[in-house]
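Some notes on the structure that comes next.
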Amino acid sequence: MKKQCIVVGLGWFGMKVAMELAEKDFEVLVVDKDMALVEKASKFVTKAVCLDVSNSDAFESLPLSDFDVGIVAMAENIAMSVVSCLTLKENNVGKIIAKVGDKNHRKVLEKIGVDEIIFPEEYLGKMVANKMIEEAKNME
Amino acid sequence: MLRNKKIYTMPIIGFLLMIIVTALLLKLPICHKGQLNWIDAFFEAASVVSATGSNVVEVAEKFTWVGQLVMMVAMEVGAVGFMMFFSVLFMTTKKKLKLSDTLFLSNEMNTSNYPAIKRKAKKIIQYTLMIEFFGAWLLALRFVPMYGIKEGIWSSLFHAVSAFCNVGCDVFGSQSMVLFKNDIYVNGIFIILMFSGSLGFFVLEDLTRWFCTGKRNRIHVETKLILKVSVLLVIVGSILLKVFDKQLTLIETIFTTITARNTGFYTVEMAGLHEVSQLIITLLMFIGGGPGSNAGGIRVVVFSILILTTLANVKGNDDVVVFYRNINDKMIKRAVTILHIDLLLVFFGLMGLCLTENQSVMDTLFYVVSTFSNTGLTTIDIEQLTVAGKWISIFIMYIGRIAPITFISLFVPMDRKKSGIKYPNMDVML
């Protein structure tokens, strides 16, 4: 059976994740409250819906428990990101991956029990530093 | 607009009860002479309550004075009740724009806004009685010398009510108003009563305000639209009728056009008209009168919205504009829904009556549209209808009266809870 993913938030990150997964034949459901982004994503994903995640009735009317992976890509809005992660967790989504924007955000999501937390700045910072160290080593 | 279902059960049950009560009253020995079948009693009751006015028995001969009084009261109660219901509905839906949704739902329309509704109801009764009384008085000037005092006054009252409520039931005998076809005075009064009745209370109220205060800018856009389209329909209809039936006099042409807008008196026999004229009359009946008036049909506003939308689409405009106002998409969807349901009803009615009756499709179509729109004009002798045909007619009259959309909403569960989910738009192939 195809893996089923839900992507919450359609920024550059979310859009890219959804696009790549859809291309590799994952079943992808995307959620955002901006209709323009939803329409853009609807051209390549399985299903695209426009809703506000703070409206829990609407969010939970989606078959959330059927999803294997949930990706929460709303680093800039901590409140909404937390709400989404909580809702996905409560509805037994197999694995939750979330992107965070700062340390506090990460702490909260860790407490909630998000399986994988991506902190792009930290990750990239480390990567760039490591690259420079590698280069310096090679120079010697 | 169809959110609050409780309001809608009111006319559905109200009209049904009224038909049954009227039928039972008409069945009383004091109301009729000789034998009256149950089916005929029900047909006559449905006919007067629904403002259709088609008769399967001769009203003047079959019913006693008491029976005719019962019919007149039924017409009046049906008409006033309908106008009141519509006004209340209009008031509550207007209010919905201001207050929150939940407040509207909990407000069972007779609690917080009670005084305003009461005032409105009083106004409707006043207007109706005043216009009818005035009409009756003018008619009496002609009828009293003709029929004698008692008969003349009675006839004036009955016909004033029948004309203003757009019923079209008469006590002149088998030939409706053919007797008066050259009488400009009587024709004129009938035309004014029928036309003002077909505008609806909302328009009448607006017009009176204009005449009383002289403030033209306070007229609602709906009023302008209804007036303009109604007058246009009458003018265009008259011209077309005159073109296809040259034998008609001017007054006959205008009377026929006005009566086709859902009253049902006639000064010329419909069967004698050219088939094209019959089709034009069918269309006029289908379009009907103003919203909230006792003239049935899909209503003038729905018709105008459909025409305007068509024009806008053909021209490539996204907005449907009338009198410098953009028509809400919701209203356009509603207009399409009304047209669709009404067309389906006419189509199924046509199929049903084609099965039970042995008439041509043209005649049956004319009769079905006339019954659905509560007009009561016919090209066939409906006293010859089969029993099944009569029941179908009663059903169509009743549904046509309470508006098919109301009736259907009773059986379809509403999506009361807004899901909060919106799906991406899609352009489909048409």
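Following the order of the structure tokens, first chain is A, next is B, and so on, with residues numbered from 1 inside each chain and ligands from 1 in the order they appear.
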
Just need the residues of chain B within 7 Å of chain A, counting only C-alpha atoms, so spit them out as a list in words.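 Contact residues on the first chain: Ser419, Gly420, Ile421, Lys422, Tyr423, Pro424 and Asn425 of chain B.
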
Export all heavy atoms of the chosen residues as a JSON list (two decimals), in the first residue's frame?
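Now in selection15.json:
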[["chain", "number", "residue", "atom", "x", "y", "z"],
["B", 419, "SER", "N", -18.68, 23.02, 7.73],
["B", 419, "SER", "CA", -17.57, 22.11, 7.95],
["B", 419, "SER", "C", -16.25, 22.86, 8.17],
["B", 419, "SER", "O", -15.36, 22.36, 8.81],
["B", 419, "SER", "CB", -17.43, 21.18, 6.75],
["B", 419, "SER", "OG", -17.09, 21.92, 5.62],
["B", 420, "GLY", "N", -16.14, 24.07, 7.63],
["B", 420, "GLY", "CA", -14.90, 24.81, 7.80],
["B", 420, "GLY", "C", -13.85, 24.41, 6.79],
["B", 420, "GLY", "O", -12.77, 24.99, 6.74],
["B", 421, "ILE", "N", -14.19, 23.41, 5.99],
["B", 421, "ILE", "CA", -13.23, 22.96, 4.98],
["B", 421, "ILE", "C", -13.64, 23.51, 3.62],
["B", 421, "ILE", "O", -14.81, 23.47, 3.26],
["B", 421, "ILE", "CB", -13.19, 21.42, 4.91],
["B", 421, "ILE", "CG1", -12.72, 20.86, 6.24],
["B", 421, "ILE", "CG2", -12.30, 20.95, 3.78],
["B", 421, "ILE", "CD1", -12.56, 19.38, 6.25],
["B", 422, "LYS", "N", -12.66, 24.03, 2.91],
["B", 422, "LYS", "CA", -12.94, 24.48, 1.55],
["B", 422, "LYS", "C", -12.03, 23.74, 0.59],
["B", 422, "LYS", "O", -10.88, 23.47, 0.92],
["B", 422, "LYS", "CB", -12.68, 25.98, 1.44],
["B", 422, "LYS", "CG", -13.79, 26.82, 2.02],
["B", 422, "LYS", "CD", -13.89, 28.13, 1.28],
["B", 422, "LYS", "CE", -15.09, 28.93, 1.71],
["B", 422, "LYS", "NZ", -14.71, 29.96, 2.66],
["B", 423, "TYR", "N", -12.53, 23.40, -0.54],
["B", 423, "TYR", "CA", -11.73, 22.67, -1.51],
["B", 423, "TYR", "C", -11.28, 23.59, -2.63],
["B", 423, "TYR", "O", -11.94, 24.59, -2.91],
["B", 423, "TYR", "CB", -12.52, 21.49, -2.06],
["B", 423, "TYR", "CG", -12.85, 20.49, -0.98],
["B", 423, "TYR", "CD1", -14.10, 20.46, -0.41],
["B", 423, "TYR", "CD2", -11.88, 19.65, -0.50],
["B", 423, "TYR", "CE1", -14.40, 19.58, 0.62],
["B", 423, "TYR", "CE2", -12.16, 18.76, 0.52],
["B", 423, "TYR", "CZ", -13.41, 18.73, 1.07],
["B", 423, "TYR", "OH", -13.68, 17.87, 2.09],
["B", 424, "PRO", "N", -10.17, 23.25, -3.26],
["B", 424, "PRO", "CA", -9.69, 24.11, -4.35],
["B", 424, "PRO", "C", -10.69, 24.17, -5.50],
["B", 424, "PRO", "O", -11.39, 23.20, -5.75],
["B", 424, "PRO", "CB", -8.39, 23.45, -4.79],
["B", 424, "PRO", "CG", -8.37, 22.11, -4.17],
["B", 424, "PRO", "CD", -9.23, 22.16, -2.96],
["B", 425, "ASN", "N", -10.72, 25.31, -6.15],
["B", 425, "ASN", "CA", -11.65, 25.49, -7.26],
["B", 425, "ASN", "C", -11.24, 24.66, -8.46],
["B", 425, "ASN", "O", -10.09, 24.25, -8.59],
["B", 425, "ASN", "CB", -11.68, 26.95, -7.69],
["B", 425, "ASN", "CG", -12.41, 27.78, -6.68],
["B", 425, "ASN", "OD1", -13.36, 27.32, -6.07],
["B", 425, "ASN", "ND2", -11.95, 29.00, -6.50]]

Residues at most 12 Å from range 100-106 of chain A, counting only C-alpha atoms, excluding those fewer than 6 positions away in the same chain, as a PyMOL selection string? chain A and resi 13+71-82+85+112-123

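The nearest approach to Asp68 in chain A among the residues A:Thr87, A:Thr46, A:Asn92, A:Asn130, with only C-alpha atoms taken into account, belongs to A:Asn92.
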
Write out as number ranges by chain the residues lying within 8 Å of Phe286 in chain B, counting only C-alpha atoms and excluding same-chain residues fewer than 6 positions away. B: 296-298, 369-370, 373

Write out as a ChimeraX atom specification each polymer residue whose atoms come within 12 Å of Gln247 in chain B, counting only C-alpha atoms; drop sequence neighbours fewer than 6 positions from it. /B:241,253,268,272-274

Separating CA of Leu29 in chain A from CA of Pro413 in chain B, to the nearest tenth of an Å, is a gap of 28.7 Å

Please identify all polymer residues within 10 Å of range 64-67 of chain A, counting only C-alpha atoms, omitting same-chain residues fewer than 5 positions from it, and present them as an mmCIF file with C-alpha atoms, in the first residue's frame.
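To be explicit, this is the file written out as selection_14.cif:
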data_model
loop_
_atom_site.group_PDB
_atom_site.id
_atom_site.type_symbol
_atom_site.label_atom_id
_atom_site.label_comp_id
_atom_site.auth_asym_id
_atom_site.auth_seq_id
_atom_site.Cartn_x
_atom_site.Cartn_y
_atom_site.Cartn_z
ATOM 1 C CA LYS A 3 2.336 5.536 2.259
ATOM 2 C CA GLN A 4 -0.076 8.242 3.269
ATOM 3 C CA CYS A 5 1.201 11.631 4.375
ATOM 4 C CA ILE A 6 -0.443 14.786 5.555
ATOM 5 C CA GLU A 27 -0.576 9.691 -1.158
ATOM 6 C CA VAL A 28 -0.371 13.303 -0.025
ATOM 7 C CA LEU A 29 -3.026 15.437 1.623
ATOM 8 C CA PHE A 59 -9.400 19.748 11.117
ATOM 9 C CA THR A 87 -4.169 17.365 16.961
ATOM 10 C CA LEU A 88 -2.113 14.966 14.869
ATOM 11 C CA LYS A 89 -0.732 13.331 18.009
ATOM 12 C CA GLU A 90 -4.162 12.966 19.573
ATOM 13 C CA ASN A 91 -5.509 11.393 16.408
ATOM 14 C CA ASN A 92 -2.726 8.796 16.345
ATOM 15 C CA VAL A 93 -0.863 9.787 13.231
ATOM 16 C CA GLY A 94 1.983 7.257 12.835
ATOM 17 C CA LYS A 95 4.936 9.604 12.847
ATOM 18 C CA ILE A 96 5.059 13.376 13.209
#

Name the residues of chain A that come out as strand (DSSP E or B) in a backbone DSSP run; write them as a PyMOL selection string. chain A and resi 4-8+27-32+47-50+69-72+95-99+116-118

Write the residues of the preceding selection, restricted to N, CA, C and O atoms, as an mmCIF file, in the first residue's frame.
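Below you can see again.cif, which holds the result:
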data_model
loop_
_atom_site.group_PDB
_atom_site.id
_atom_site.type_symbol
_atom_site.label_atom_id
_atom_site.label_comp_id
_atom_site.auth_asym_id
_atom_site.auth_seq_id
_atom_site.Cartn_x
_atom_site.Cartn_y
_atom_site.Cartn_z
ATOM 1 N N GLN A 4 0.786 7.055 3.273
ATOM 2 C CA GLN A 4 -0.076 8.242 3.269
ATOM 3 C C GLN A 4 0.503 9.320 4.169
ATOM 4 O O GLN A 4 0.811 9.074 5.322
ATOM 5 N N CYS A 5 0.629 10.524 3.612
ATOM 6 C CA CYS A 5 1.201 11.631 4.375
ATOM 7 C C CYS A 5 0.243 12.801 4.407
ATOM 8 O O CYS A 5 -0.497 13.043 3.463
ATOM 9 N N ILE A 6 0.296 13.523 5.507
ATOM 10 C CA ILE A 6 -0.443 14.786 5.555
ATOM 11 C C ILE A 6 0.557 15.903 5.785
ATOM 12 O O ILE A 6 1.427 15.802 6.647
ATOM 13 N N VAL A 7 0.476 16.946 4.963
ATOM 14 C CA VAL A 7 1.363 18.093 5.100
ATOM 15 C C VAL A 7 0.532 19.292 5.532
ATOM 16 O O VAL A 7 -0.411 19.691 4.832
ATOM 17 N N VAL A 8 0.871 19.813 6.724
ATOM 18 C CA VAL A 8 0.119 20.955 7.232
ATOM 19 C C VAL A 8 0.974 22.206 7.067
ATOM 20 O O VAL A 8 2.052 22.301 7.640
ATOM 21 N N GLU A 27 0.738 9.045 -1.208
ATOM 22 C CA GLU A 27 -0.576 9.691 -1.158
ATOM 23 C C GLU A 27 -0.430 10.915 -0.261
ATOM 24 O O GLU A 27 -0.127 10.772 0.921
ATOM 25 N N VAL A 28 -0.623 12.099 -0.804
ATOM 26 C CA VAL A 28 -0.371 13.303 -0.025
ATOM 27 C C VAL A 28 -1.643 14.144 0.127
ATOM 28 O O VAL A 28 -2.336 14.424 -0.852
ATOM 29 N N LEU A 29 -1.936 14.479 1.376
ATOM 30 C CA LEU A 29 -3.026 15.437 1.623
ATOM 31 C C LEU A 29 -2.382 16.714 2.143
ATOM 32 O O LEU A 29 -1.605 16.675 3.094
ATOM 33 N N VAL A 30 -2.671 17.848 1.518
ATOM 34 C CA VAL A 30 -2.102 19.098 2.017
ATOM 35 C C VAL A 30 -3.202 19.971 2.619
ATOM 36 O O VAL A 30 -4.349 19.930 2.193
ATOM 37 N N VAL A 31 -2.824 20.724 3.645
ATOM 38 C CA VAL A 31 -3.768 21.589 4.352
ATOM 39 C C VAL A 31 -3.152 22.964 4.494
ATOM 40 O O VAL A 31 -1.985 23.092 4.894
ATOM 41 N N ASP A 32 -3.905 24.001 4.155
ATOM 42 C CA ASP A 32 -3.447 25.368 4.414
ATOM 43 C C ASP A 32 -4.668 26.261 4.473
ATOM 44 O O ASP A 32 -5.747 25.885 4.012
ATOM 45 N N LYS A 47 -4.940 15.164 -2.619
ATOM 46 C CA LYS A 47 -6.094 15.930 -2.162
ATOM 47 C C LYS A 47 -5.591 17.195 -1.484
ATOM 48 O O LYS A 47 -4.599 17.144 -0.750
ATOM 49 N N ALA A 48 -6.241 18.309 -1.756
ATOM 50 C CA ALA A 48 -5.840 19.560 -1.121
ATOM 51 C C ALA A 48 -7.065 20.210 -0.511
ATOM 52 O O ALA A 48 -8.092 20.315 -1.168
ATOM 53 N N VAL A 49 -6.987 20.602 0.751
ATOM 54 C CA VAL A 49 -8.128 21.267 1.358
ATOM 55 C C VAL A 49 -7.698 22.570 2.010
ATOM 56 O O VAL A 49 -6.563 22.716 2.465
ATOM 57 N N CYS A 50 -8.642 23.505 2.023
ATOM 58 C CA CYS A 50 -8.373 24.810 2.623
ATOM 59 C C CYS A 50 -9.112 24.866 3.951
ATOM 60 O O CYS A 50 -10.334 24.786 3.980
ATOM 61 N N VAL A 69 2.413 9.364 8.141
ATOM 62 C CA VAL A 69 3.325 10.438 8.517
ATOM 63 C C VAL A 69 2.603 11.781 8.452
ATOM 64 O O VAL A 69 1.831 12.028 7.534
ATOM 65 N N GLY A 70 2.862 12.623 9.442
ATOM 66 C CA GLY A 70 2.324 13.970 9.409
ATOM 67 C C GLY A 70 3.464 14.973 9.420
ATOM 68 O O GLY A 70 4.380 14.854 10.240
ATOM 69 N N ILE A 71 3.455 15.907 8.498
ATOM 70 C CA ILE A 71 4.519 16.904 8.453
ATOM 71 C C ILE A 71 3.916 18.268 8.774
ATOM 72 O O ILE A 71 3.009 18.733 8.071
ATOM 73 N N VAL A 72 4.394 18.872 9.848
ATOM 74 C CA VAL A 72 3.865 20.175 10.236
ATOM 75 C C VAL A 72 4.889 21.232 9.865
ATOM 76 O O VAL A 72 5.960 21.313 10.467
ATOM 77 N N LYS A 95 3.698 8.911 12.505
ATOM 78 C CA LYS A 95 4.936 9.604 12.847
ATOM 79 C C LYS A 95 4.746 11.082 12.534
ATOM 80 O O LYS A 95 4.155 11.422 11.504
ATOM 81 N N ILE A 96 5.231 11.944 13.446
ATOM 82 C CA ILE A 96 5.059 13.376 13.209
ATOM 83 C C ILE A 96 6.420 14.037 13.044
ATOM 84 O O ILE A 96 7.326 13.853 13.859
ATOM 85 N N ILE A 97 6.550 14.766 11.948
ATOM 86 C CA ILE A 97 7.770 15.525 11.704
ATOM 87 C C ILE A 97 7.379 16.994 11.701
ATOM 88 O O ILE A 97 6.400 17.374 11.049
ATOM 89 N N ALA A 98 8.112 17.825 12.467
ATOM 90 C CA ALA A 98 7.735 19.232 12.511
ATOM 91 C C ALA A 98 8.966 20.112 12.314
ATOM 92 O O ALA A 98 10.066 19.769 12.745
ATOM 93 N N LYS A 99 8.723 21.230 11.670
ATOM 94 C CA LYS A 99 9.792 22.205 11.487
ATOM 95 C C LYS A 99 9.604 23.282 12.545
ATOM 96 O O LYS A 99 8.464 23.725 12.777
ATOM 97 N N GLU A 116 10.083 13.770 15.207
ATOM 98 C CA GLU A 116 11.278 14.307 14.590
ATOM 99 C C GLU A 116 11.135 15.812 14.460
ATOM 100 O O GLU A 116 10.118 16.294 13.944
ATOM 101 N N ILE A 117 12.115 16.548 14.972
ATOM 102 C CA ILE A 117 12.022 18.002 14.919
ATOM 103 C C ILE A 117 13.137 18.558 14.052
ATOM 104 O O ILE A 117 14.313 18.206 14.225
ATOM 105 N N ILE A 118 12.754 19.376 13.113
ATOM 106 C CA ILE A 118 13.741 19.969 12.214
ATOM 107 C C ILE A 118 13.878 21.440 12.550
ATOM 108 O O ILE A 118 12.888 22.174 12.564
#

Determine, counting only C-alpha atoms, which protein, DNA and RNA residues have an atom within 10 Å of an atom of Gly352 in chain B; residues of the same chain fewer than 2 positions away are not included. Present the result as a PyMOL selection string. chain B and resi 346-350+354-357+364+368+388-389+392-393

What is the CA of Met285 in chain B to CA of Glu61 in chain B distance in Å?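 Pair CA of Met285 in chain B / CA of Glu61 in chain B returns 28.3 Å.
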
Top pick for closest residue to Ile251 in chain B, considering B:Gly188, B:Pro11, B:Gly168, B:Gly200 and counting only C-alpha atoms: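 For Ile251 in chain B, the nearest of the given residues is B:Gly188.
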
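Reported to one decimal place, the separation of CA of Asp183 in chain B from CA of Phe201 in chain B is 28.5 Å.
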